[in-house]
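Enquirer: Quick one, structure-v5.cif (mmCIF, C-alpha atoms):
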```cif
data_coords
loop_
_atom_site.label_atom_id
_atom_site.label_comp_id
_atom_site.auth_asym_id
_atom_site.auth_seq_id
_atom_site.Cartn_x
_atom_site.Cartn_y
_atom_site.Cartn_z
CA MET A 1 -40.49 21.02 -38.40
CA THR A 2 -40.69 17.27 -38.97
CA VAL A 3 -39.89 14.97 -36.08
CA VAL A 4 -39.73 11.22 -36.53
CA LEU A 5 -39.67 8.39 -34.03
CA VAL A 6 -37.61 5.49 -35.26
CA ASP A 7 -39.69 2.35 -34.90
CA ALA A 8 -37.11 0.18 -33.17
CA GLY A 9 -39.80 -1.82 -31.40
CA GLY A 10 -39.61 -0.21 -27.95
CA THR A 11 -42.76 -0.20 -25.89
CA ASN A 12 -42.40 3.48 -24.93
CA ILE A 13 -42.94 4.73 -28.46
CA GLY A 14 -46.54 5.68 -27.74
CA SER A 15 -45.55 7.55 -24.55
CA VAL A 16 -42.86 9.56 -26.32
CA ARG A 17 -45.24 10.37 -29.12
CA TYR A 18 -47.89 11.61 -26.67
CA ALA A 19 -45.28 13.71 -24.84
CA LEU A 20 -44.37 15.41 -28.12
CA GLN A 21 -48.05 15.97 -28.87
CA ARG A 22 -48.39 17.75 -25.53
CA LEU A 23 -45.64 20.08 -26.82
CA GLY A 24 -47.58 20.64 -30.03
CA VAL A 25 -45.46 18.38 -32.24
CA ASP A 26 -47.00 15.52 -34.17
CA ALA A 27 -44.17 13.03 -34.64
CA SER A 28 -44.55 10.18 -37.08
CA LEU A 29 -43.49 6.67 -36.27
CA THR A 30 -41.40 5.26 -39.09
CA ALA A 31 -38.77 2.80 -40.22
CA ASP A 32 -38.59 4.29 -43.72
CA PRO A 33 -34.98 5.38 -44.43
CA ALA A 34 -36.04 8.22 -46.72
CA VAL A 35 -38.43 9.66 -44.12
CA ILE A 36 -35.84 9.40 -41.36
CA ARG A 37 -33.12 10.99 -43.50
CA ALA A 38 -35.39 13.91 -44.44
CA ALA A 39 -36.59 14.68 -40.89
CA ASP A 40 -35.50 17.76 -38.97
CA LYS A 41 -35.23 15.80 -35.74
CA VAL A 42 -34.85 12.07 -35.15
CA ILE A 43 -35.75 10.32 -31.90
CA LEU A 44 -34.73 6.76 -31.11
CA PRO A 45 -36.93 5.61 -28.23
CA GLY A 46 -36.46 2.29 -26.59
CA VAL A 47 -37.51 0.06 -23.79
CA GLY A 48 -36.27 -3.48 -23.68
CA ALA A 49 -32.90 -5.10 -24.24
CA ALA A 50 -29.88 -4.04 -26.30
CA ALA A 51 -29.56 -7.16 -28.45
CA PRO A 52 -33.13 -7.21 -29.80
CA GLY A 53 -32.94 -3.42 -30.22
CA MET A 54 -29.83 -3.65 -32.43
CA ALA A 55 -31.20 -6.72 -34.21
CA ARG A 56 -34.28 -4.75 -35.14
CA LEU A 57 -32.24 -1.82 -36.48
CA GLN A 58 -30.22 -4.29 -38.53
CA ALA A 59 -33.31 -6.08 -39.82
CA LEU A 60 -34.72 -2.71 -40.89
CA ASN A 61 -31.40 -1.83 -42.54
CA LEU A 62 -31.13 1.28 -40.38
CA VAL A 63 -27.70 0.86 -38.78
CA GLU A 64 -25.65 2.69 -41.40
CA LEU A 65 -28.43 5.19 -41.91
CA MET A 66 -28.47 6.09 -38.18
CA ARG A 67 -24.69 6.45 -38.20
CA GLY A 68 -24.83 8.83 -41.14
CA LEU A 69 -27.50 11.21 -39.81
CA THR A 70 -26.47 14.86 -39.55
CA GLN A 71 -29.61 16.41 -38.00
CA PRO A 72 -30.14 16.40 -34.21
CA VAL A 73 -30.75 12.85 -32.96
CA LEU A 74 -32.02 11.92 -29.50
CA GLY A 75 -31.82 8.44 -27.99
CA VAL A 76 -34.09 7.83 -25.01
CA CYS A 77 -33.29 5.17 -22.39
CA LEU A 78 -32.29 2.07 -24.35
CA GLY A 79 -32.13 4.35 -27.39
CA MET A 80 -29.30 6.28 -25.70
CA GLN A 81 -27.48 3.05 -24.90
CA LEU A 82 -27.77 1.94 -28.53
CA LEU A 83 -25.88 5.11 -29.53
CA CYS A 84 -22.84 3.84 -27.62
CA GLU A 85 -20.08 1.55 -28.87
CA HIS A 86 -20.98 -1.58 -27.02
CA SER A 87 -23.32 -2.89 -24.35
CA GLU A 88 -22.50 -5.50 -21.76
CA GLU A 89 -26.12 -6.61 -22.12
CA SER A 90 -25.78 -9.85 -24.11
CA ASP A 91 -22.36 -8.50 -25.26
CA THR A 92 -23.95 -6.41 -27.99
CA PRO A 93 -22.11 -4.17 -30.48
CA CYS A 94 -24.04 -0.90 -30.81
CA LEU A 95 -24.00 2.11 -33.13
CA GLY A 96 -20.66 3.56 -31.96
CA LEU A 97 -21.74 7.20 -31.99
CA ILE A 98 -20.97 7.88 -28.31
CA PRO A 99 -17.54 6.53 -27.25
CA ALA A 100 -18.74 4.52 -24.26
CA VAL A 101 -19.36 0.96 -23.12
CA VAL A 102 -22.72 0.37 -21.42
CA ARG A 103 -22.30 -1.51 -18.14
CA ARG A 104 -24.70 -3.26 -15.77
CA PHE A 105 -25.30 -1.94 -12.28
CA VAL A 106 -23.90 -4.47 -9.83
CA ASP A 107 -26.76 -5.39 -7.53
CA SER A 108 -26.30 -5.92 -3.83
CA PRO A 109 -28.57 -5.67 -0.81
CA GLU A 110 -27.81 -1.93 -0.79
CA LEU A 111 -28.23 -1.46 -4.53
CA ARG A 112 -31.44 -2.71 -6.06
CA VAL A 113 -31.45 -3.32 -9.78
CA PRO A 114 -33.21 -2.09 -11.85
CA HIS A 115 -32.57 1.50 -10.84
CA MET A 116 -36.21 2.51 -10.84
CA GLY A 117 -37.67 5.82 -9.76
CA TRP A 118 -37.00 9.53 -9.57
CA ASN A 119 -33.40 10.66 -9.30
CA GLN A 120 -31.70 14.04 -9.44
CA LEU A 121 -29.80 15.46 -12.40
CA MET A 122 -26.49 17.29 -11.93
CA ARG A 123 -25.09 19.35 -14.79
CA LYS A 124 -21.51 18.63 -15.87
CA GLN A 125 -21.12 20.93 -18.86
CA PRO A 126 -23.22 23.67 -20.41
CA HIS A 127 -25.26 22.68 -23.44
CA PRO A 128 -28.43 24.03 -25.07
CA LEU A 129 -30.09 20.67 -24.32
CA LEU A 130 -29.90 21.57 -20.61
CA ALA A 131 -31.40 25.06 -20.94
CA ALA A 132 -33.48 25.99 -17.87
CA LEU A 133 -32.39 22.82 -16.05
CA ASP A 134 -31.26 23.25 -12.46
CA ASP A 135 -28.99 20.95 -10.49
CA GLY A 136 -31.20 18.68 -8.41
CA ASP A 137 -34.11 18.59 -10.84
CA TRP A 138 -35.82 15.21 -10.79
CA ALA A 139 -36.17 12.77 -13.67
CA TYR A 140 -37.70 9.30 -13.86
CA PHE A 141 -35.29 6.42 -14.50
CA VAL A 142 -35.90 2.73 -15.20
CA HIS A 143 -32.81 0.79 -16.25
CA SER A 144 -30.39 -1.95 -15.27
CA TYR A 145 -27.50 -0.85 -17.50
CA ALA A 146 -25.80 2.55 -17.49
CA VAL A 147 -23.31 4.65 -19.43
CA PRO A 148 -20.20 5.65 -17.44
CA VAL A 149 -19.21 9.29 -17.11
CA GLY A 150 -16.97 10.61 -19.89
CA GLY A 151 -16.23 13.63 -22.03
CA TYR A 152 -19.64 13.16 -23.70
CA THR A 153 -21.51 13.49 -20.36
CA LEU A 154 -23.69 16.60 -20.04
CA ALA A 155 -25.44 15.63 -16.81
CA THR A 156 -25.16 12.82 -14.30
CA ALA A 157 -27.26 11.07 -11.71
CA ASP A 158 -26.02 9.10 -8.72
CA TYR A 159 -26.84 5.49 -7.94
CA ALA A 160 -23.96 4.09 -5.89
CA GLY A 161 -21.77 6.31 -8.02
CA GLU A 162 -22.26 8.74 -10.85
CA PHE A 163 -23.40 7.64 -14.29
CA SER A 164 -24.37 9.52 -17.44
CA ALA A 165 -27.94 10.82 -17.41
CA VAL A 166 -27.59 13.10 -20.47
CA VAL A 167 -24.95 12.70 -23.16
CA ALA A 168 -24.07 14.45 -26.40
CA ARG A 169 -21.48 14.11 -29.10
CA GLY A 170 -21.88 16.22 -32.21
CA ASN A 171 -25.47 15.92 -33.37
CA PHE A 172 -26.15 12.77 -31.31
CA HIS A 173 -27.79 13.16 -27.91
CA GLY A 174 -29.08 10.76 -25.29
CA MET A 175 -31.20 10.76 -22.13
CA GLN A 176 -31.02 7.72 -19.88
CA PHE A 177 -34.21 8.69 -18.03
CA HIS A 178 -37.65 8.96 -19.56
CA PRO A 179 -38.35 12.63 -20.40
CA GLU A 180 -41.85 11.56 -21.46
CA ARG A 181 -42.48 10.46 -17.86
CA SER A 182 -40.50 13.12 -16.02
CA ALA A 183 -43.27 15.69 -15.58
CA ALA A 184 -42.33 19.35 -16.18
CA VAL A 185 -38.57 18.68 -16.14
CA GLY A 186 -38.94 16.12 -18.91
CA ALA A 187 -41.09 18.45 -20.98
CA THR A 188 -38.44 21.18 -20.68
CA LEU A 189 -35.70 18.85 -21.89
CA LEU A 190 -37.77 17.59 -24.81
CA ARG A 191 -38.57 21.18 -25.74
CA ASN A 192 -34.84 21.97 -25.61
CA PHE A 193 -34.13 19.11 -28.00
CA LEU A 194 -36.80 20.31 -30.40
CA ALA A 195 -35.19 23.77 -30.33
CA LEU A 196 -31.67 22.52 -31.21
CA MET B 197 -30.13 10.42 -4.81
CA LEU B 198 -32.96 8.08 -5.71
CA SER B 199 -36.17 9.21 -4.06
CA ARG B 200 -38.70 7.04 -2.30
CA ARG B 201 -41.92 6.89 -4.25
CA ILE B 202 -45.45 7.81 -3.20
CA ILE B 203 -47.87 5.81 -5.33
CA PRO B 204 -51.63 6.37 -5.22
CA CYS B 205 -53.50 3.30 -6.36
CA LEU B 206 -56.70 3.74 -8.34
CA ASP B 207 -59.05 0.79 -8.58
CA VAL B 208 -60.79 0.72 -11.92
CA ARG B 209 -64.10 -0.97 -12.63
CA ASP B 210 -65.87 -0.61 -15.96
CA GLY B 211 -63.61 2.29 -16.90
CA GLN B 212 -64.22 4.35 -13.75
CA VAL B 213 -62.28 4.75 -10.52
CA VAL B 214 -64.00 3.07 -7.59
CA LYS B 215 -63.18 2.51 -3.96
CA GLY B 216 -64.15 -0.10 -1.48
CA VAL B 217 -63.39 -1.16 2.05
CA ARG B 218 -61.57 -4.44 2.49
CA PHE B 219 -62.04 -5.10 -1.22
CA ARG B 220 -65.87 -4.92 -0.90
CA ASP B 221 -68.70 -2.48 -1.51
CA HIS B 222 -67.30 -0.37 -4.29
CA VAL B 223 -68.57 3.14 -5.03
CA VAL B 224 -67.66 5.24 -8.05
CA MET B 225 -65.16 8.03 -7.27
CA GLY B 226 -64.74 9.67 -10.63
CA GLU B 227 -63.26 9.64 -14.10
CA ILE B 228 -59.85 8.07 -14.57
CA VAL B 229 -58.21 10.93 -16.43
CA ASP B 230 -59.44 13.58 -13.97
CA LEU B 231 -58.15 11.68 -10.96
CA ALA B 232 -54.85 10.80 -12.65
CA LEU B 233 -54.12 14.45 -13.36
CA ARG B 234 -55.21 15.51 -9.89
CA TYR B 235 -52.69 13.16 -8.31
CA ARG B 236 -49.99 14.21 -10.78
CA ASP B 237 -50.57 17.84 -9.82
CA GLU B 238 -50.36 16.98 -6.13
CA GLY B 239 -46.95 15.39 -6.61
CA ALA B 240 -47.62 11.66 -6.91
CA ASP B 241 -44.48 9.93 -8.18
CA GLU B 242 -46.29 7.20 -10.03
CA LEU B 243 -49.80 5.81 -10.37
CA VAL B 244 -51.09 2.27 -10.33
CA PHE B 245 -54.39 1.39 -11.96
CA TYR B 246 -55.90 -1.89 -10.90
CA ASP B 247 -58.67 -3.23 -13.07
CA ILE B 248 -60.10 -5.04 -10.10
CA THR B 249 -62.68 -7.07 -11.92
CA ALA B 250 -60.61 -8.14 -14.94
CA SER B 251 -58.97 -11.17 -13.39
CA PRO B 252 -61.99 -12.69 -11.60
CA GLN B 253 -64.11 -12.15 -14.73
CA GLY B 254 -61.48 -13.80 -16.90
CA ARG B 255 -61.04 -10.83 -19.20
CA SER B 256 -58.14 -8.50 -19.94
CA VAL B 257 -57.73 -4.77 -19.29
CA ASP B 258 -59.72 -2.43 -21.48
CA ARG B 259 -57.08 -0.62 -23.56
CA GLY B 260 -59.22 2.44 -24.21
CA TRP B 261 -58.70 4.06 -20.84
CA VAL B 262 -55.01 3.12 -20.78
CA GLU B 263 -54.51 5.16 -23.93
CA ARG B 264 -56.59 8.06 -22.60
CA VAL B 265 -54.39 8.19 -19.49
CA ALA B 266 -51.16 7.87 -21.48
CA ARG B 267 -52.03 10.84 -23.68
CA VAL B 268 -52.32 13.28 -20.80
CA LEU B 269 -50.18 11.87 -17.99
CA ASP B 270 -46.48 12.77 -17.75
CA ILE B 271 -45.52 10.60 -14.80
CA PRO B 272 -45.10 6.83 -14.97
CA PHE B 273 -48.04 4.52 -14.50
CA CYS B 274 -48.56 0.82 -14.11
CA VAL B 275 -51.59 -1.19 -15.16
CA ALA B 276 -52.72 -4.33 -13.40
CA GLY B 277 -55.59 -6.71 -13.81
CA GLY B 278 -56.13 -9.80 -15.84
CA ILE B 279 -52.95 -9.75 -17.96
CA ARG B 280 -52.45 -13.40 -18.76
CA SER B 281 -50.22 -13.41 -21.84
CA VAL B 282 -47.40 -11.61 -23.61
CA ASP B 283 -49.87 -10.40 -26.23
CA GLU B 284 -52.19 -8.87 -23.63
CA ALA B 285 -49.23 -7.22 -21.92
CA ARG B 286 -47.96 -5.86 -25.21
CA ALA B 287 -51.34 -4.30 -25.95
CA VAL B 288 -51.33 -2.48 -22.60
CA LEU B 289 -47.71 -1.35 -22.95
CA HIS B 290 -48.25 -0.17 -26.50
CA ALA B 291 -51.33 1.73 -25.33
CA GLY B 292 -48.88 3.74 -23.23
CA ALA B 293 -48.50 2.06 -19.83
CA ASP B 294 -44.94 2.02 -18.49
CA LYS B 295 -45.27 -1.19 -16.56
CA ILE B 296 -47.67 -4.04 -16.24
CA SER B 297 -48.40 -5.82 -12.99
CA VAL B 298 -49.40 -9.45 -12.80
CA ASN B 299 -50.81 -11.25 -9.82
CA SER B 300 -53.44 -14.01 -10.08
CA PRO B 301 -52.43 -15.14 -13.61
CA ALA B 302 -48.81 -15.47 -12.47
CA LEU B 303 -49.91 -17.71 -9.62
CA ALA B 304 -51.91 -19.82 -12.06
CA ARG B 305 -48.97 -20.04 -14.47
CA PRO B 306 -45.63 -18.77 -13.07
CA GLU B 307 -43.91 -19.06 -16.48
CA LEU B 308 -45.86 -15.94 -17.44
CA ILE B 309 -43.27 -13.88 -15.52
CA ASP B 310 -40.39 -15.41 -17.53
CA GLU B 311 -42.21 -14.75 -20.77
CA LEU B 312 -42.98 -11.13 -19.91
CA SER B 313 -39.46 -10.29 -18.79
CA ALA B 314 -37.98 -11.93 -21.89
CA ALA B 315 -40.32 -9.99 -24.14
CA PHE B 316 -40.16 -6.53 -22.53
CA GLY B 317 -37.30 -6.52 -20.02
CA VAL B 318 -37.60 -6.86 -16.27
CA GLN B 319 -38.18 -3.11 -15.85
CA CYS B 320 -41.69 -3.46 -17.28
CA VAL B 321 -42.68 -6.42 -15.13
CA VAL B 322 -44.21 -5.85 -11.70
CA VAL B 323 -45.50 -8.77 -9.68
CA GLY B 324 -48.27 -8.06 -7.20
CA VAL B 325 -48.43 -10.35 -4.19
CA ASP B 326 -51.53 -10.48 -2.00
CA SER B 327 -50.54 -11.98 1.29
CA LEU B 328 -52.22 -12.95 4.56
CA ARG B 329 -50.92 -14.63 7.67
CA ASP B 330 -52.73 -17.89 8.28
CA THR B 331 -53.45 -19.81 11.46
CA ASP B 332 -50.17 -21.71 11.03
CA GLY B 333 -48.39 -18.40 11.63
CA GLU B 334 -46.96 -18.27 8.10
CA TRP B 335 -47.76 -15.76 5.37
CA HIS B 336 -49.48 -17.28 2.37
CA VAL B 337 -50.51 -15.77 -0.94
CA ARG B 338 -54.09 -15.19 -2.05
CA GLN B 339 -55.47 -15.37 -5.56
CA TYR B 340 -58.36 -13.50 -7.24
CA THR B 341 -58.64 -10.96 -4.43
CA GLY B 342 -60.52 -8.52 -6.66
CA ASP B 343 -63.71 -10.45 -5.92
CA PRO B 344 -64.24 -11.68 -2.33
CA ASP B 345 -66.43 -14.53 -3.57
CA LYS B 346 -63.63 -15.86 -5.75
CA THR B 347 -60.65 -15.19 -3.49
CA GLN B 348 -58.64 -18.33 -2.91
CA ALA B 349 -56.10 -19.15 -0.23
CA LEU B 350 -53.07 -20.94 -1.65
CA ALA B 351 -50.57 -23.22 0.00
CA ARG B 352 -47.76 -21.20 -1.52
CA GLY B 353 -45.72 -19.30 1.08
CA THR B 354 -45.41 -15.57 0.47
CA MET B 355 -41.63 -15.42 0.96
CA ASP B 356 -41.01 -18.44 -1.27
CA TRP B 357 -43.08 -16.78 -3.94
CA ILE B 358 -41.16 -13.49 -3.60
CA ILE B 359 -37.89 -15.36 -4.17
CA GLU B 360 -39.30 -17.29 -7.12
CA VAL B 361 -40.74 -14.29 -8.95
CA GLN B 362 -37.37 -12.51 -8.80
CA GLN B 363 -35.68 -15.56 -10.32
CA ARG B 364 -38.29 -15.56 -13.05
CA GLY B 365 -37.73 -11.91 -13.93
CA ALA B 366 -39.86 -9.63 -11.77
CA GLY B 367 -38.42 -6.11 -11.90
CA GLU B 368 -40.48 -4.87 -8.96
CA ILE B 369 -42.68 -6.42 -6.30
CA VAL B 370 -45.78 -4.91 -4.72
CA LEU B 371 -46.49 -6.67 -1.45
CA ASN B 372 -50.09 -6.15 -0.46
CA CYS B 373 -50.50 -7.13 3.16
CA MET B 374 -54.20 -7.97 3.22
CA GLY B 375 -54.53 -8.17 6.97
CA SER B 376 -53.87 -4.45 7.19
CA ASP B 377 -55.48 -3.36 3.94
CA GLY B 378 -58.13 -0.64 4.04
CA VAL B 379 -58.14 -0.31 7.81
CA ARG B 380 -55.47 2.42 8.07
CA SER B 381 -53.69 0.94 11.07
CA GLY B 382 -50.28 1.04 9.43
CA TYR B 383 -48.28 -1.03 6.99
CA ASP B 384 -47.41 -4.56 8.10
CA MET B 385 -43.88 -3.72 9.20
CA GLU B 386 -42.98 -7.24 10.26
CA GLN B 387 -43.95 -8.77 6.95
CA LEU B 388 -42.37 -5.97 4.91
CA SER B 389 -39.08 -6.28 6.79
CA VAL B 390 -38.93 -10.02 6.20
CA ALA B 391 -39.70 -9.49 2.52
CA ARG B 392 -37.15 -6.69 2.22
CA ALA B 393 -34.36 -8.99 3.36
CA ILE B 394 -34.99 -11.36 0.44
CA CYS B 395 -35.96 -8.80 -2.19
CA ASN B 396 -33.18 -7.37 -4.40
CA VAL B 397 -35.51 -5.56 -6.78
CA PRO B 398 -37.60 -2.52 -5.80
CA LEU B 399 -40.19 -3.40 -3.14
CA ILE B 400 -43.44 -1.49 -2.81
CA ALA B 401 -45.46 -1.57 0.41
CA SER B 402 -49.21 -1.82 0.07
CA GLY B 403 -52.07 -2.06 2.54
CA GLY B 404 -52.67 -0.21 5.76
CA ALA B 405 -51.49 3.38 5.37
CA GLY B 406 -53.46 5.64 7.71
CA THR B 407 -51.12 8.37 8.92
CA MET B 408 -48.05 10.14 7.62
CA ALA B 409 -45.98 8.32 10.22
CA HIS B 410 -46.97 5.01 8.66
CA PHE B 411 -45.23 6.07 5.46
CA ARG B 412 -42.16 7.15 7.39
CA ASP B 413 -42.01 3.78 9.12
CA ALA B 414 -42.28 1.87 5.85
CA PHE B 415 -39.46 3.87 4.27
CA ALA B 416 -37.14 4.39 7.21
CA ASP B 417 -37.64 1.10 9.07
CA ALA B 418 -38.75 -1.47 6.47
CA ASP B 419 -36.59 0.22 3.77
CA VAL B 420 -39.17 -0.13 1.01
CA ASP B 421 -38.65 1.77 -2.24
CA GLY B 422 -42.22 2.94 -2.63
CA ALA B 423 -45.43 3.10 -0.67
CA LEU B 424 -48.75 2.50 -2.30
CA ALA B 425 -51.97 3.73 -0.78
CA ALA B 426 -55.53 4.31 -1.86
CA SER B 427 -58.09 5.25 0.75
CA VAL B 428 -56.07 7.87 2.63
CA PHE B 429 -55.45 9.75 -0.58
CA HIS B 430 -58.90 9.28 -2.09
CA ALA B 431 -60.65 10.40 1.09
CA GLY B 432 -58.37 13.41 1.44
CA ALA B 433 -57.15 12.23 4.84
CA ILE B 434 -53.56 12.82 3.72
CA ALA B 435 -52.56 15.39 1.12
CA ILE B 436 -49.52 14.33 -0.88
CA PRO B 437 -47.71 17.71 -0.63
CA ASP B 438 -48.07 17.62 3.17
CA LEU B 439 -46.89 14.01 3.24
CA LYS B 440 -43.81 14.77 1.18
CA ARG B 441 -42.85 17.77 3.30
CA TYR B 442 -43.25 15.66 6.42
CA LEU B 443 -41.14 12.84 4.98
CA ARG B 444 -38.39 15.26 4.00
CA GLU B 445 -38.35 16.63 7.55
CA GLN B 446 -38.05 13.05 8.76
CA GLY B 447 -34.98 12.51 6.58
CA VAL B 448 -36.66 10.46 3.86
CA ALA B 449 -35.54 11.32 0.30
CA VAL B 450 -38.58 12.49 -1.64
CA ARG B 451 -39.18 14.43 -4.84
CA LEU B 452 -40.54 17.87 -4.02
#
```
Could you take the file, read its structure, and then write that structure out as structure tokens?
Expert:
Amino acid sequence: MTVVLVDAGGTNIGSVRYALQRLGVDASLTADPAVIRAADKVILPGVGAAAPGMARLQALNLVELMRGLTQPVLGVCLGMQLLCEHSEESDTPCLGLIPAVVRRFVDSPELRVPHMGWNQLMRKQPHPLLAALDDGDWAYFVHSYAVPVGGYTLATADYAGEFSAVVARGNFHGMQFHPERSAAVGATLLRNFLAL
Amino acid sequence: MLSRRIIPCLDVRDGQVVKGVRFRDHVVMGEIVDLALRYRDEGADELVFYDITASPQGRSVDRGWVERVARVLDIPFCVAGGIRSVDEARAVLHAGADKISVNSPALARPELIDELSAAFGVQCVVVGVDSLRDTDGEWHVRQYTGDPDKTQALARGTMDWIIEVQQRGAGEIVLNCMGSDGVRSGYDMEQLSVARAICNVPLIASGGAGTMAHFRDAFADADVDGALAASVFHAGAIAIPDLKRYLREQGVAVRL
């Protein structure tokens, strides 16, 4: 099985790669369209902001390629947000693969932004990506923007209201939290993705 | 529900974990990777590694150990010590750290915080604040606290600085109350509560943890998002699983 990490410039690329190595998978980091197209699994990691993330995909000529992929694709954190239609962050058009608009958490004295730390996952619909996951399992989140709940939502978390923690539409999947930093729960979910 | 975080802090000197009392007299405790995994297994929510000699010596963090930790650790970790530029921060983040924490270099050049948050997003940028109440009754920040001979008292007020760093793009603030650090008499609840009222990003308490009740107080009364501690964990005075069970009984949301 070949797994590639799309080099969209996120700083968590190394962490995701190490997490896959712990599962026995040596993923290559690439921006080469032919390598990405030929892979069995494609992961779009990402830490940072939506606009530079999309700008980098455009500069690498990967936007149409990402949209046309047919193998299982996983976006992690910002990578999941880039799969959506649009992000409020710098008013950025995204890949349009998940029918959602990414919105900022509204901070207040009761709601600190970024949403940073361990939060609990609640399953919304059955999916092989959630195999062996229990309601209440903990995952590590770090983000200021979130995907609202919709028909694409597989699991949610709650931060002054529910938002999408895991999404899927067709062969495109996303995790808002960092599976590579979510201990055993994260490893289970990454293993599930590799088994799709 | 978002849990409150328990964060062991490991001081790193020359690639090994050391401990000291009141920032002095350091002794080697063990290898970084071994201790990181031990705390992960015990249920730590996050780890902070402070390269305590990097800033006073004017050098940056050694990337080698950052990468060694990143390969094996599956919980988030933050690296602090001597990061003075976007390039140095990028090297640490690309080596696998989730966050970088800046302290003395941000005091020397506050624009560093703006540059880091623009380059990596606020979620990567932690600002450490070392604070001590002075004879005028106000809290003031300290610089270069990793080396007692180089520690400097600054005129800058702690609360003014906490407001400024948020405006500049700090995604999290670690408030190290030096008056209570290493003596295990409890977190500085007064200072933490004042800081909490002006802090809209996650606030981490540091300095003074001695008993499990001290953690409860910091979470339940000062409403901090995380509690950082070193000596009580390193010495085995408090075991993290016991602490988390206690906190849950006390109504504090923790990951178990």
Enquirer: Let me know the residues the PyMOL selection byres ((chain A) within 6 of (chain B)) catches in the file above, as a list in words.
Expert: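 Given this file, the PyMOL selection byres ((chain A) within 6 of (chain B)) evaluates to Thr11, Gly14, Ser15, Tyr18, Gly48, Arg112, Val113, Trp118, Asn119, Asp158, Arg181, Ser182 and Ala183 of chain A.
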Enquirer: Expand the PyMOL selection byres ((chain A and resi 169) around 12) into the individual residues it matches in the shown file, reporting them as a PyMOL selection string.
Expert: chain A and resi 70+72-75+80+83-84+96-100+127+129+150-154+166-168+170-174
Enquirer: Identify which of the residues A:Leu190, A:Leu78, A:Val102, A:Ala8 lies closest to Phe141 in chain A, counting all atoms listed in the file when measuring atom-to-atom distances.
Expert: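 Under the stated criterion, the closest residue is A:Leu78.
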Enquirer: Just how far from CA of Ala139 in chain A is CA of Glu88 in chain A, in Å to one decimal?
Expert: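 Between these atoms lies a distance of 24.2 Å.
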Enquirer: Between CA of Leu82 in chain A and CA of Ala187 in chain A, what is the distance in Å, rounded to a tenth?
Expert: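 Straight-line distance from CA of Leu82 in chain A to CA of Ala187 in chain A works out to 22.5 Å.
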Enquirer: Taking the file as shown, what set of residues would the PyMOL selection byres ((chain B and resi 280) around 12) give back, as JSON, numbers by chain?
Expert: {"B": [250, 251, 252, 254, 255, 256, 257, 276, 277, 278, 279, 281, 282, 283, 284, 285, 286, 287, 288, 296, 297, 298, 299, 300, 301, 302, 303, 304, 305, 306, 307, 308, 309, 311, 312]}
Enquirer: Just the residues within 8 Å of range 330-337 of chain B, please, counting only C-alpha atoms, with nothing from its chain fewer than 3 positions along; format it as a list in words.
Expert: Val325, Asp326, Ser327, Ala349, Leu350, Ala351, Arg352, Gly353, Thr354 and Met355 of chain B
Enquirer: Tell me, in Å to one decimal, how far CA of Gly46 in chain A is from CA of Ile13 in chain A.
Expert: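 Distance reported for this atom pair: 7.2 Å.
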Enquirer: Would you please work out which residue, of B:Val244, B:Val361, B:Cys373, B:Lys440, is nearest to Thr341 in chain B when using all atoms listed in the file?
Expert: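 Checking each of B:Val244, B:Val361, B:Cys373, B:Lys440 against Thr341 in chain B, counting all atoms listed in the file, the winner is B:Cys373.
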